[in-house]
>>> print(open('query-v3.pdb').read())   # PDB, C-alpha atoms, pLDDT in the B column
ATOM      1  CA  MET A 572      22.664 187.861  30.973  1.00 50.00           C
ATOM      2  CA  ASN A 573      24.372 189.365  34.011  1.00 57.00           C
ATOM      3  CA  ASP A 574      22.776 192.767  33.436  1.00 76.00           C
ATOM      4  CA  SER A 575      19.234 191.354  33.504  1.00 82.00           C
ATOM      5  CA  ILE A 576      16.993 192.409  36.365  1.00 85.00           C
ATOM      6  CA  LEU A 577      14.230 190.039  35.255  1.00 88.00           C
ATOM      7  CA  GLN A 578      14.153 186.744  33.347  1.00 91.00           C
ATOM      8  CA  LEU A 579      11.002 184.828  32.420  1.00 93.00           C
ATOM      9  CA  HIS A 580      11.358 181.160  31.517  1.00 94.00           C
ATOM     10  CA  ASN A 581       8.497 179.272  29.808  1.00 95.00           C
ATOM     11  CA  ILE A 582       5.705 181.116  31.620  1.00 95.00           C
ATOM     12  CA  SER A 583       2.238 179.588  31.085  1.00 95.00           C
ATOM     13  CA  TYR A 584      -1.136 180.531  32.529  1.00 94.00           C
ATOM     14  CA  SER A 585      -4.789 179.562  32.006  1.00 93.00           C
ATOM     15  CA  TYR A 586      -8.057 180.925  33.321  1.00 90.00           C
ATOM     16  CA  HIS A 587     -10.391 178.355  34.853  1.00 86.00           C
ATOM     17  CA  SER A 588     -14.176 178.483  35.137  1.00 79.00           C
ATOM     18  CA  LEU A 589     -17.090 176.100  35.508  1.00 79.00           C
ATOM     19  CA  THR A 590     -17.287 175.867  31.711  1.00 83.00           C
ATOM     20  CA  GLY A 591     -13.653 174.891  31.231  1.00 80.00           C
ATOM     21  CA  GLU A 592     -10.111 176.169  30.816  1.00 86.00           C
ATOM     22  CA  ILE A 593      -8.997 179.133  28.704  1.00 86.00           C
ATOM     23  CA  PRO A 594      -5.232 179.147  27.995  1.00 89.00           C
ATOM     24  CA  ALA A 595      -3.880 182.713  28.160  1.00 91.00           C
ATOM     25  CA  LEU A 596      -0.077 182.392  28.033  1.00 94.00           C
ATOM     26  CA  SER A 597       2.080 179.600  26.618  1.00 93.00           C
ATOM     27  CA  ASP A 598       5.837 179.145  27.213  1.00 94.00           C
ATOM     28  CA  ILE A 599       6.728 182.830  27.311  1.00 95.00           C
ATOM     29  CA  SER A 600      10.435 183.534  27.761  1.00 95.00           C
ATOM     30  CA  PHE A 601      12.301 186.861  27.654  1.00 94.00           C
ATOM     31  CA  HIS A 602      14.585 189.009  29.805  1.00 93.00           C
ATOM     32  CA  VAL A 603      14.623 192.659  30.849  1.00 93.00           C
ATOM     33  CA  LYS A 604      17.900 194.510  31.341  1.00 91.00           C
ATOM     34  CA  GLN A 605      18.591 196.871  34.196  1.00 88.00           C
ATOM     35  CA  GLY A 606      17.499 200.396  33.151  1.00 89.00           C
ATOM     36  CA  GLU A 607      15.781 199.163  29.970  1.00 93.00           C
ATOM     37  CA  PHE A 608      12.454 200.458  28.692  1.00 93.00           C
ATOM     38  CA  LEU A 609      10.655 197.398  27.289  1.00 95.00           C
ATOM     39  CA  ALA A 610       7.329 197.527  25.430  1.00 95.00           C
ATOM     40  CA  ILE A 611       5.016 194.549  24.921  1.00 96.00           C
ATOM     41  CA  VAL A 612       2.540 194.542  22.034  1.00 95.00           C
ATOM     42  CA  GLY A 613       0.179 191.918  20.700  1.00 92.00           C
ATOM     43  CA  PRO A 614      -3.374 191.305  19.452  1.00 90.00           C
ATOM     44  CA  SER A 615      -6.222 192.513  21.638  1.00 86.00           C
ATOM     45  CA  GLY A 616      -7.079 189.998  24.344  1.00 84.00           C
ATOM     46  CA  CYS A 617      -3.885 187.971  23.922  1.00 87.00           C
ATOM     47  CA  GLY A 618      -2.935 188.153  27.612  1.00 88.00           C
ATOM     48  CA  LYS A 619      -0.614 191.172  27.865  1.00 91.00           C
ATOM     49  CA  SER A 620      -2.160 192.450  31.107  1.00 90.00           C
ATOM     50  CA  THR A 621      -2.190 188.904  32.506  1.00 92.00           C
ATOM     51  CA  LEU A 622       1.543 188.733  31.888  1.00 93.00           C
ATOM     52  CA  LEU A 623       2.081 192.046  33.667  1.00 92.00           C
ATOM     53  CA  SER A 624       0.023 190.822  36.634  1.00 91.00           C
ATOM     54  CA  ILE A 625       2.245 187.733  36.857  1.00 92.00           C
ATOM     55  CA  ILE A 626       5.374 189.910  36.901  1.00 91.00           C
ATOM     56  CA  ALA A 627       3.749 192.009  39.651  1.00 89.00           C
ATOM     57  CA  ARG A 628       2.998 188.786  41.613  1.00 88.00           C
ATOM     58  CA  LEU A 629      -0.735 189.456  41.499  1.00 90.00           C
ATOM     59  CA  LEU A 630      -1.112 186.114  39.677  1.00 91.00           C
ATOM     60  CA  THR A 631       0.916 182.919  40.008  1.00 92.00           C
ATOM     61  CA  PRO A 632       2.025 181.233  36.756  1.00 92.00           C
ATOM     62  CA  GLU A 633       0.900 177.644  36.235  1.00 92.00           C
ATOM     63  CA  GLY A 634       4.169 176.792  34.532  1.00 92.00           C
ATOM     64  CA  GLY A 635       7.631 178.268  34.221  1.00 93.00           C
ATOM     65  CA  THR A 636       9.748 180.441  36.478  1.00 90.00           C
ATOM     66  CA  ILE A 637      10.641 184.108  36.994  1.00 89.00           C
ATOM     67  CA  ALA A 638      14.176 184.953  38.079  1.00 85.00           C
ATOM     68  CA  PHE A 639      15.128 188.347  39.479  1.00 81.00           C
ATOM     69  CA  GLN A 640      18.361 190.031  40.350  1.00 74.00           C
ATOM     70  CA  SER A 641      18.063 193.369  42.107  1.00 66.00           C
ATOM     71  CA  PRO A 642      20.453 196.215  41.205  1.00 62.00           C
ATOM     72  CA  ASP A 643      22.292 195.637  44.503  1.00 64.00           C
ATOM     73  CA  GLY A 644      23.094 192.083  43.362  1.00 62.00           C
ATOM     74  CA  SER A 645      20.687 190.354  45.722  1.00 60.00           C
ATOM     75  CA  LEU A 646      18.238 187.748  44.501  1.00 59.00           C
ATOM     76  CA  GLU A 647      15.343 189.254  46.414  1.00 66.00           C
ATOM     77  CA  TYR A 648      12.226 190.116  44.422  1.00 69.00           C
ATOM     78  CA  PRO A 649      12.698 193.745  43.295  1.00 69.00           C
ATOM     79  CA  LYS A 650      10.213 196.357  44.424  1.00 80.00           C
ATOM     80  CA  THR A 651       7.684 196.949  41.657  1.00 86.00           C
ATOM     81  CA  GLY A 652       5.418 199.888  40.922  1.00 87.00           C
ATOM     82  CA  TYR A 653       2.232 199.326  38.914  1.00 88.00           C
ATOM     83  CA  MET A 654       0.652 202.173  36.908  1.00 85.00           C
ATOM     84  CA  LEU A 655      -2.792 201.393  35.483  1.00 80.00           C
ATOM     85  CA  GLN A 656      -4.874 202.789  32.618  1.00 77.00           C
ATOM     86  CA  HIS A 657      -6.688 205.208  34.950  1.00 81.00           C
ATOM     87  CA  ASP A 658      -4.989 207.362  37.565  1.00 85.00           C
ATOM     88  CA  HIS A 659      -7.304 206.264  40.434  1.00 90.00           C
ATOM     89  CA  LEU A 660      -6.535 209.445  42.370  1.00 92.00           C
ATOM     90  CA  LEU A 661      -8.801 209.927  45.384  1.00 94.00           C
ATOM     91  CA  GLU A 662     -10.938 213.009  44.808  1.00 95.00           C
ATOM     92  CA  TRP A 663     -11.185 213.927  48.505  1.00 95.00           C
ATOM     93  CA  ARG A 664      -7.403 214.043  48.981  1.00 96.00           C
ATOM     94  CA  THR A 665      -5.094 216.799  47.787  1.00 96.00           C
ATOM     95  CA  ILE A 666      -2.487 215.996  45.143  1.00 96.00           C
ATOM     96  CA  LEU A 667       0.261 215.858  47.775  1.00 95.00           C
ATOM     97  CA  ARG A 668      -1.798 213.508  49.945  1.00 95.00           C
ATOM     98  CA  ASN A 669      -2.563 211.377  46.868  1.00 95.00           C
ATOM     99  CA  VAL A 670       1.082 210.952  45.911  1.00 95.00           C
ATOM    100  CA  THR A 671       2.001 210.089  49.518  1.00 94.00           C
ATOM    101  CA  LEU A 672      -0.834 207.583  49.973  1.00 93.00           C
ATOM    102  CA  GLY A 673       1.438 204.575  49.422  1.00 91.00           C
ATOM    103  CA  LEU A 674       3.898 205.954  51.949  1.00 91.00           C
ATOM    104  CA  GLU A 675       1.100 206.235  54.504  1.00 92.00           C
ATOM    105  CA  ILE A 676      -0.119 202.691  53.895  1.00 92.00           C
ATOM    106  CA  ALA A 677       3.442 201.348  54.211  1.00 90.00           C
ATOM    107  CA  HIS A 678       4.053 203.480  57.342  1.00 91.00           C
ATOM    108  CA  ARG A 679       6.918 205.190  55.522  1.00 91.00           C
ATOM    109  CA  ASP A 680       5.503 208.740  55.540  1.00 89.00           C
ATOM    110  CA  THR A 681       8.605 210.192  57.203  1.00 92.00           C
ATOM    111  CA  GLN A 682       9.677 213.799  56.829  1.00 92.00           C
ATOM    112  CA  GLU A 683      12.418 212.675  54.463  1.00 94.00           C
ATOM    113  CA  ASN A 684      10.023 210.739  52.198  1.00 93.00           C
ATOM    114  CA  ILE A 685       7.444 213.546  52.202  1.00 94.00           C
ATOM    115  CA  ALA A 686      10.220 215.939  51.179  1.00 95.00           C
ATOM    116  CA  TYR A 687      11.130 213.546  48.331  1.00 93.00           C
ATOM    117  CA  ALA A 688       7.493 213.545  47.181  1.00 95.00           C
ATOM    118  CA  GLU A 689       7.481 217.339  47.174  1.00 95.00           C
ATOM    119  CA  LYS A 690      10.750 217.354  45.210  1.00 92.00           C
ATOM    120  CA  LEU A 691       9.218 215.089  42.548  1.00 91.00           C
ATOM    121  CA  LEU A 692       6.169 217.354  42.347  1.00 94.00           C
ATOM    122  CA  ASN A 693       8.489 220.330  41.901  1.00 92.00           C
ATOM    123  CA  ASP A 694      10.673 218.565  39.323  1.00 86.00           C
ATOM    124  CA  TYR A 695       7.649 217.733  37.182  1.00 83.00           C
ATOM    125  CA  ASP A 696       5.772 221.046  37.428  1.00 88.00           C
ATOM    126  CA  LEU A 697       3.071 219.957  39.875  1.00 93.00           C
ATOM    127  CA  TYR A 698       4.293 221.520  43.112  1.00 95.00           C
ATOM    128  CA  LYS A 699       2.065 224.585  42.785  1.00 95.00           C
ATOM    129  CA  PHE A 700      -0.908 222.214  42.523  1.00 96.00           C
ATOM    130  CA  LYS A 701       0.011 220.125  45.592  1.00 95.00           C
ATOM    131  CA  ASP A 702      -2.894 221.511  47.628  1.00 95.00           C
ATOM    132  CA  LYS A 703      -5.397 221.179  44.771  1.00 96.00           C
ATOM    133  CA  HIS A 704      -7.734 218.226  44.346  1.00 96.00           C
ATOM    134  CA  PRO A 705      -7.677 215.859  41.345  1.00 94.00           C
ATOM    135  CA  GLY A 706     -10.847 217.355  39.855  1.00 94.00           C
ATOM    136  CA  GLU A 707      -8.986 220.652  39.434  1.00 95.00           C
ATOM    137  CA  LEU A 708      -6.250 219.113  37.258  1.00 93.00           C
ATOM    138  CA  SER A 709      -6.148 218.159  33.583  1.00 88.00           C
ATOM    139  CA  GLY A 710      -5.954 214.519  32.542  1.00 85.00           C
ATOM    140  CA  GLY A 711      -2.274 214.812  31.718  1.00 84.00           C
ATOM    141  CA  MET A 712      -1.446 216.401  35.063  1.00 89.00           C
ATOM    142  CA  ARG A 713      -3.373 213.655  36.853  1.00 91.00           C
ATOM    143  CA  GLN A 714      -1.337 210.985  35.058  1.00 86.00           C
ATOM    144  CA  ARG A 715       1.909 212.689  36.060  1.00 87.00           C
ATOM    145  CA  ALA A 716       0.650 212.753  39.651  1.00 92.00           C
ATOM    146  CA  ALA A 717      -0.135 209.029  39.393  1.00 90.00           C
ATOM    147  CA  LEU A 718       3.400 208.350  38.168  1.00 86.00           C
ATOM    148  CA  ILE A 719       4.887 210.388  41.028  1.00 90.00           C
ATOM    149  CA  ARG A 720       2.724 208.376  43.455  1.00 92.00           C
ATOM    150  CA  THR A 721       4.399 205.275  42.007  1.00 89.00           C
ATOM    151  CA  LEU A 722       7.938 206.707  41.915  1.00 88.00           C
ATOM    152  CA  VAL A 723       7.852 207.985  45.496  1.00 91.00           C
ATOM    153  CA  MET A 724       7.877 204.354  46.682  1.00 90.00           C
ATOM    154  CA  ASN A 725      11.254 204.008  44.905  1.00 86.00           C
ATOM    155  CA  PRO A 726      10.399 200.890  42.863  1.00 87.00           C
ATOM    156  CA  GLU A 727      13.111 199.059  40.939  1.00 85.00           C
ATOM    157  CA  ILE A 728      10.742 198.043  38.119  1.00 89.00           C
ATOM    158  CA  LEU A 729       7.843 200.114  36.765  1.00 90.00           C
ATOM    159  CA  LEU A 730       4.937 198.207  35.203  1.00 93.00           C
ATOM    160  CA  LEU A 731       2.813 200.397  32.915  1.00 91.00           C
ATOM    161  CA  ASP A 732      -0.506 198.955  31.740  1.00 90.00           C
ATOM    162  CA  GLU A 733      -1.635 201.296  28.935  1.00 87.00           C
ATOM    163  CA  PRO A 734      -1.314 204.347  31.216  1.00 80.00           C
ATOM    164  CA  PHE A 735      -2.076 206.839  28.417  1.00 79.00           C
ATOM    165  CA  SER A 736      -5.082 205.156  26.812  1.00 78.00           C
ATOM    166  CA  ALA A 737      -7.679 207.335  28.574  1.00 72.00           C
ATOM    167  CA  LEU A 738      -6.124 210.573  27.255  1.00 76.00           C
ATOM    168  CA  ASP A 739      -6.935 212.411  24.030  1.00 78.00           C
ATOM    169  CA  TYR A 740      -4.337 212.050  21.276  1.00 80.00           C
ATOM    170  CA  GLN A 741      -2.527 215.380  21.740  1.00 79.00           C
ATOM    171  CA  THR A 742      -2.361 214.999  25.526  1.00 77.00           C
ATOM    172  CA  ARG A 743      -1.290 211.372  25.111  1.00 81.00           C
ATOM    173  CA  LEU A 744       1.683 212.409  22.975  1.00 81.00           C
ATOM    174  CA  SER A 745       2.737 215.047  25.469  1.00 78.00           C
ATOM    175  CA  VAL A 746       2.275 212.960  28.619  1.00 77.00           C
ATOM    176  CA  SER A 747       3.869 209.807  27.175  1.00 81.00           C
ATOM    177  CA  GLY A 748       6.919 211.901  26.278  1.00 81.00           C
ATOM    178  CA  ASP A 749       6.996 213.479  29.747  1.00 78.00           C
ATOM    179  CA  ILE A 750       6.666 210.135  31.501  1.00 77.00           C
ATOM    180  CA  GLY A 751       9.213 208.489  29.209  1.00 81.00           C
ATOM    181  CA  ASN A 752      11.709 211.229  30.062  1.00 81.00           C
ATOM    182  CA  ILE A 753      10.933 210.946  33.784  1.00 78.00           C
ATOM    183  CA  ILE A 754      11.567 207.206  33.721  1.00 79.00           C
ATOM    184  CA  ARG A 755      14.837 207.582  31.804  1.00 82.00           C
ATOM    185  CA  THR A 756      16.018 210.448  34.024  1.00 82.00           C
ATOM    186  CA  THR A 757      15.441 208.361  37.159  1.00 80.00           C
ATOM    187  CA  GLY A 758      17.140 205.333  35.574  1.00 83.00           C
ATOM    188  CA  LYS A 759      14.205 203.027  36.279  1.00 86.00           C
ATOM    189  CA  THR A 760      13.538 199.757  34.495  1.00 90.00           C
ATOM    190  CA  ALA A 761      10.111 199.892  32.825  1.00 92.00           C
ATOM    191  CA  ILE A 762       7.756 197.472  31.077  1.00 94.00           C
ATOM    192  CA  LEU A 763       4.976 199.068  29.026  1.00 94.00           C
ATOM    193  CA  ILE A 764       1.858 197.332  27.712  1.00 93.00           C
ATOM    194  CA  THR A 765       0.343 199.212  24.779  1.00 92.00           C
ATOM    195  CA  HIS A 766      -1.851 198.775  21.704  1.00 90.00           C
ATOM    196  CA  ASP A 767      -0.308 201.896  20.128  1.00 90.00           C
ATOM    197  CA  LEU A 768       2.536 200.812  17.846  1.00 93.00           C
ATOM    198  CA  SER A 769       3.818 204.373  17.427  1.00 92.00           C
ATOM    199  CA  GLU A 770       3.934 204.764  21.187  1.00 91.00           C
ATOM    200  CA  ALA A 771       5.880 201.524  21.595  1.00 93.00           C
ATOM    201  CA  ILE A 772       8.442 202.558  18.968  1.00 94.00           C
ATOM    202  CA  SER A 773       8.773 206.080  20.396  1.00 91.00           C
ATOM    203  CA  LEU A 774       9.367 205.001  23.999  1.00 91.00           C
ATOM    204  CA  ALA A 775      10.961 201.557  24.000  1.00 93.00           C
ATOM    205  CA  ASP A 776      14.525 200.314  23.745  1.00 93.00           C
ATOM    206  CA  ARG A 777      13.116 196.919  22.704  1.00 95.00           C
ATOM    207  CA  ILE A 778       9.679 195.560  21.810  1.00 97.00           C
ATOM    208  CA  ILE A 779       8.334 192.086  22.601  1.00 96.00           C
ATOM    209  CA  ILE A 780       5.712 190.995  20.032  1.00 96.00           C
ATOM    210  CA  LEU A 781       3.216 188.425  21.297  1.00 95.00           C
ATOM    211  CA  THR A 782       1.075 186.053  19.250  1.00 93.00           C
ATOM    212  CA  GLY A 783      -2.665 185.629  19.694  1.00 90.00           C
ATOM    213  CA  ARG A 784      -4.065 183.682  22.630  1.00 88.00           C
ATOM    214  CA  PRO A 785      -2.558 181.641  24.104  1.00 91.00           C
ATOM    215  CA  ALA A 786       0.209 184.194  23.785  1.00 92.00           C
ATOM    216  CA  SER A 787       3.803 183.257  23.121  1.00 93.00           C
ATOM    217  CA  VAL A 788       6.724 185.431  22.010  1.00 94.00           C
ATOM    218  CA  ARG A 789       6.581 185.885  18.244  1.00 93.00           C
ATOM    219  CA  ARG A 790       9.581 188.185  17.965  1.00 93.00           C
ATOM    220  CA  GLU A 791      11.845 190.573  19.872  1.00 95.00           C
ATOM    221  CA  LEU A 792      12.623 193.866  18.115  1.00 95.00           C
ATOM    222  CA  PRO A 793      15.443 196.186  19.309  1.00 95.00           C
ATOM    223  CA  ILE A 794      14.682 199.857  18.567  1.00 95.00           C
ATOM    224  CA  HIS A 795      17.372 202.311  17.460  1.00 93.00           C
ATOM    225  CA  LEU A 796      16.125 205.740  16.382  1.00 92.00           C
ATOM    226  CA  THR A 797      18.195 208.658  15.123  1.00 92.00           C
ATOM    227  CA  LYS A 798      16.636 211.518  17.108  1.00 86.00           C
ATOM    228  CA  THR A 799      17.417 215.185  17.622  1.00 81.00           C
ATOM    229  CA  ASP A 800      15.852 215.069  21.116  1.00 81.00           C
ATOM    230  CA  ASN A 801      13.719 212.790  23.302  1.00 77.00           C
ATOM    231  CA  SER A 802      10.324 214.194  22.326  1.00 79.00           C
ATOM    232  CA  PRO A 803       7.607 211.972  20.793  1.00 78.00           C
ATOM    233  CA  LEU A 804       7.645 214.178  17.673  1.00 81.00           C
ATOM    234  CA  ALA A 805      11.390 213.659  17.216  1.00 86.00           C
ATOM    235  CA  ALA A 806      10.940 209.891  17.556  1.00 88.00           C
ATOM    236  CA  ARG A 807       8.143 209.854  14.978  1.00 89.00           C
ATOM    237  CA  SER A 808      10.288 211.974  12.637  1.00 89.00           C
ATOM    238  CA  ALA A 809      13.281 209.637  12.859  1.00 93.00           C
ATOM    239  CA  PRO A 810      14.244 208.059   9.504  1.00 93.00           C
ATOM    240  CA  GLU A 811      13.926 204.545  10.976  1.00 95.00           C
ATOM    241  CA  PHE A 812      10.457 205.073  12.443  1.00 94.00           C
ATOM    242  CA  HIS A 813       8.362 203.968   9.452  1.00 94.00           C
ATOM    243  CA  HIS A 814      10.517 200.866   8.954  1.00 95.00           C
ATOM    244  CA  TYR A 815       9.793 199.753  12.521  1.00 95.00           C
ATOM    245  CA  PHE A 816       6.106 200.628  12.235  1.00 95.00           C
ATOM    246  CA  ASN A 817       5.674 198.638   9.020  1.00 94.00           C
ATOM    247  CA  LEU A 818       7.572 195.703  10.490  1.00 94.00           C
ATOM    248  CA  LEU A 819       5.392 195.654  13.623  1.00 94.00           C
ATOM    249  CA  TRP A 820       2.229 195.999  11.552  1.00 93.00           C
ATOM    250  CA  LYS A 821       3.267 193.082   9.350  1.00 92.00           C
ATOM    251  CA  GLU A 822       4.065 190.869  12.353  1.00 90.00           C
ATOM    252  CA  LEU A 823       0.726 191.603  14.034  1.00 88.00           C
ATOM    253  CA  SER A 824      -1.221 191.258  10.780  1.00 84.00           C
ATOM    254  CA  HIS A 825      -0.250 187.590  10.726  1.00 71.00           C
ATOM    255  CA  GLU A 826      -2.324 187.198  13.897  1.00 60.00           C
ATOM    256  CA  ASN A 827      -5.562 188.537  12.409  1.00 54.00           C
TER     257      ASN A 827
END
>>> encode(input="query-v3.pdb", output="structure tokens")
Amino acid sequence: MNDSILQLHNISYSYHSLTGEIPALSDISFHVKQGEFLAIVGPSGCGKSTLLSIIARLLTPEGGTIAFQSPDGSLEYPKTGYMLQHDHLLEWRTILRNVTLGLEIAHRDTQENIAYAEKLLNDYDLYKFKDKHPGELSGGMRQRAALIRTLVMNPEILLLDEPFSALDYQTRLSVSGDIGNIIRTTGKTAILITHDLSEAISLADRIIILTGRPASVRRELPIHLTKTDNSPLAARSAPEFHHYFNLLWKELSHEN
């Protein structure tokens, strides 16, 4: 798989406490291609976020290996950006100073990088709000600002842990479509954790279906939709959409 940026081989992980061991992941193996949008679904509590934390190197697997190959061909661990369920914008900082926070922490807040942040704000209709504070923005605008804060660090892999779950349904549809288009336009590789099957089908090139805890890979499902455009509505109107939804529902129903 020469075009893979990430390969997981037999990843296992357990949580340990004074009362014993709780297995979370068991022999998980899959790959992610360069520029691919991958979604991961599975029963609630099966370990999806744990898996994402392992990919982000926030947790160390107890078994198995992770192999990376950066787009430049090196074997160095690619730069990752992690977008959480909540935007975690700092209310006392302006939107521009929020999206450049990572640059400040990394001592990379050069004129060139600040200009790139402003370009992203302009590209995604937030530039006129750059001097506003988070409390003055809608939930959808805040999530776009959070994504720009992640993109400005120029990550090679984006990890998305249910980033739309705190939004109302209509805003969720709109923002997920916006963010999906942003990711595809920038050519980033993305891994999305979601409980929303429609969202997974609408955004992903391929879906990894996990079993219940301890999670293993139940099935991999490539997604091919006949769409008139890249909007969430067009994806949900595609003739193949209901086939994929029913298939995913059936696979996950076996876990209940």
>>> closest_residue(input="query-v3.pdb", among="A:Thr651, A:Ser597, A:Ser588, A:Thr671", to="Tyr687 (chain A)", atoms="all atoms listed in the file")
A:Thr671
>>> closest_residue(input="query-v3.pdb", among="A:Ser600, A:Ser773, A:Asn669, A:Thr590", to="Arg720 (chain A)", atoms="all atoms listed in the file")
A:Asn669
>>> closest_residue(input="query-v3.pdb", among="A:Gln741, A:Pro614, A:Ile778, A:Pro793", to="Ser824 (chain A)", atoms="all atoms listed in the file")
A:Pro614
>>> closest_atom_pairs(input="query-v3.pdb", of="region 614-703 of chain A", to="region 748-752 of chain A", cutoff="12 Å", atoms="all atoms listed in the file", output="JSON lines")
{"residue": "A:Met654", "atom": "CA", "partner": "A:Ile750", "partner_atom": "CA", "distance": 11.3}
{"residue": "A:Asp694", "atom": "CA", "partner": "A:Asp749", "partner_atom": "CA", "distance": 11.4}
{"residue": "A:Tyr695", "atom": "CA", "partner": "A:Asp749", "partner_atom": "CA", "distance": 8.6}
{"residue": "A:Asp696", "atom": "CA", "partner": "A:Asp749", "partner_atom": "CA", "distance": 10.9}
>>> closest_residue(input="query-v3.pdb", among="A:His657, A:Arg664, A:Arg713, A:Arg679", to="Glu733 (chain A)", atoms="all atoms listed in the file")
A:His657
>>> residues_near_point(input="query-v3.pdb", point="(-2.6, 211.1, 32.3)", cutoff="7 Å", atoms="only C-alpha atoms", output="MDAnalysis selection string")
chainID A and resid 658 710:715 734:735 738 746
>>> atom_distance(input="query-v3.pdb", atom1="CA of Tyr740 (chain A)", atom2="CA of Phe812 (chain A)")
18.6 Å
>>> resolve_selection(input="query-v3.pdb", expression="the PyMOL selection byres ((chain A and resi 622) around 9)", output="short mmCIF file (atom, residue, chain, number, x, y, z; two decimals) with C-alpha atoms, in the frame of the given file")
data_model
loop_
_atom_site.label_atom_id
_atom_site.label_comp_id
_atom_site.auth_asym_id
_atom_site.auth_seq_id
_atom_site.Cartn_x
_atom_site.Cartn_y
_atom_site.Cartn_z
CA ILE A 582 5.70 181.12 31.62
CA TYR A 584 -1.14 180.53 32.53
CA ALA A 595 -3.88 182.71 28.16
CA LEU A 596 -0.08 182.39 28.03
CA GLY A 618 -2.94 188.15 27.61
CA LYS A 619 -0.61 191.17 27.86
CA SER A 620 -2.16 192.45 31.11
CA THR A 621 -2.19 188.90 32.51
CA LEU A 623 2.08 192.05 33.67
CA SER A 624 0.02 190.82 36.63
CA ILE A 625 2.24 187.73 36.86
CA ILE A 626 5.37 189.91 36.90
CA ALA A 627 3.75 192.01 39.65
CA LEU A 630 -1.11 186.11 39.68
CA PRO A 632 2.02 181.23 36.76
#
>>> residues_around(input="query-v3.pdb", residues="Arg755 (chain A)", least_positions_apart="2", cutoff="12 Å", atoms="all atoms listed in the file", output="list in words")
Gln605, Gly606, Glu607, Phe608, Leu609, Leu729, Gly748, Asp749, Ile750, Gly751, Asn752, Ile753, Thr757, Gly758, Lys759, Thr760, Ala761, Leu774, Ala775, Asp776 and Asn801 of chain A
>>> closest_atom_pairs(input="query-v3.pdb", of="region 608-700 of chain A", to="region 816-823 of chain A", cutoff="12 Å", atoms="all atoms listed in the file", output="tab-separated table")
residue	atom	partner	partner_atom	distance
A:Ile611	CA	A:Leu819	CA	11.4
A:Val612	CA	A:Leu823	CA	8.7
A:Gly613	CA	A:Leu823	CA	6.7
A:Pro614	CA	A:Leu823	CA	6.8
A:Ser615	CA	A:Leu823	CA	10.3
A:Cys617	CA	A:Leu823	CA	11.5
>>> residues_near_point(input="query-v3.pdb", point="(6.9, 200.8, 37.1)", cutoff="10 Å", atoms="all atoms listed in the file", output="MDAnalysis selection string")
chainID A and resid 627 650:655 718 721:722 725:732 754 759:763
>>> decode(input="query-v3.pdb", residues="region 779-806 of chain A", atoms="C-alpha atoms", output="short mmCIF file (atom, residue, chain, number, x, y, z; two decimals), in the first residue's frame")
data_model
loop_
_atom_site.label_atom_id
_atom_site.label_comp_id
_atom_site.auth_asym_id
_atom_site.auth_seq_id
_atom_site.Cartn_x
_atom_site.Cartn_y
_atom_site.Cartn_z
CA ILE A 779 -14.43 1.36 9.12
CA ILE A 780 -17.09 -0.49 11.15
CA LEU A 781 -15.99 -1.55 14.63
CA THR A 782 -17.48 -4.27 16.82
CA GLY A 783 -18.48 -3.78 20.45
CA ARG A 784 -15.85 -3.61 23.18
CA PRO A 785 -13.17 -4.77 22.93
CA ALA A 786 -13.39 -3.26 19.48
CA SER A 787 -12.04 -4.97 16.40
CA VAL A 788 -12.68 -4.23 12.72
CA ARG A 789 -15.95 -5.83 11.67
CA ARG A 790 -15.94 -4.55 8.10
CA GLU A 791 -14.52 -1.91 5.75
CA LEU A 792 -17.04 -0.24 3.43
CA PRO A 793 -15.93 1.87 0.42
CA ILE A 794 -18.43 4.65 -0.37
CA HIS A 795 -19.28 5.67 -3.94
CA LEU A 796 -22.14 8.15 -4.31
CA THR A 797 -23.57 9.57 -7.52
CA LYS A 798 -23.86 13.25 -6.58
CA THR A 799 -24.72 16.45 -8.41
CA ASP A 800 -22.51 18.46 -6.02
CA ASN A 801 -20.64 18.08 -2.72
CA SER A 802 -23.43 19.27 -0.43
CA PRO A 803 -24.81 17.04 2.37
CA LEU A 804 -28.25 17.21 0.72
CA ALA A 805 -26.86 15.93 -2.58
CA ALA A 806 -25.13 13.06 -0.78
#
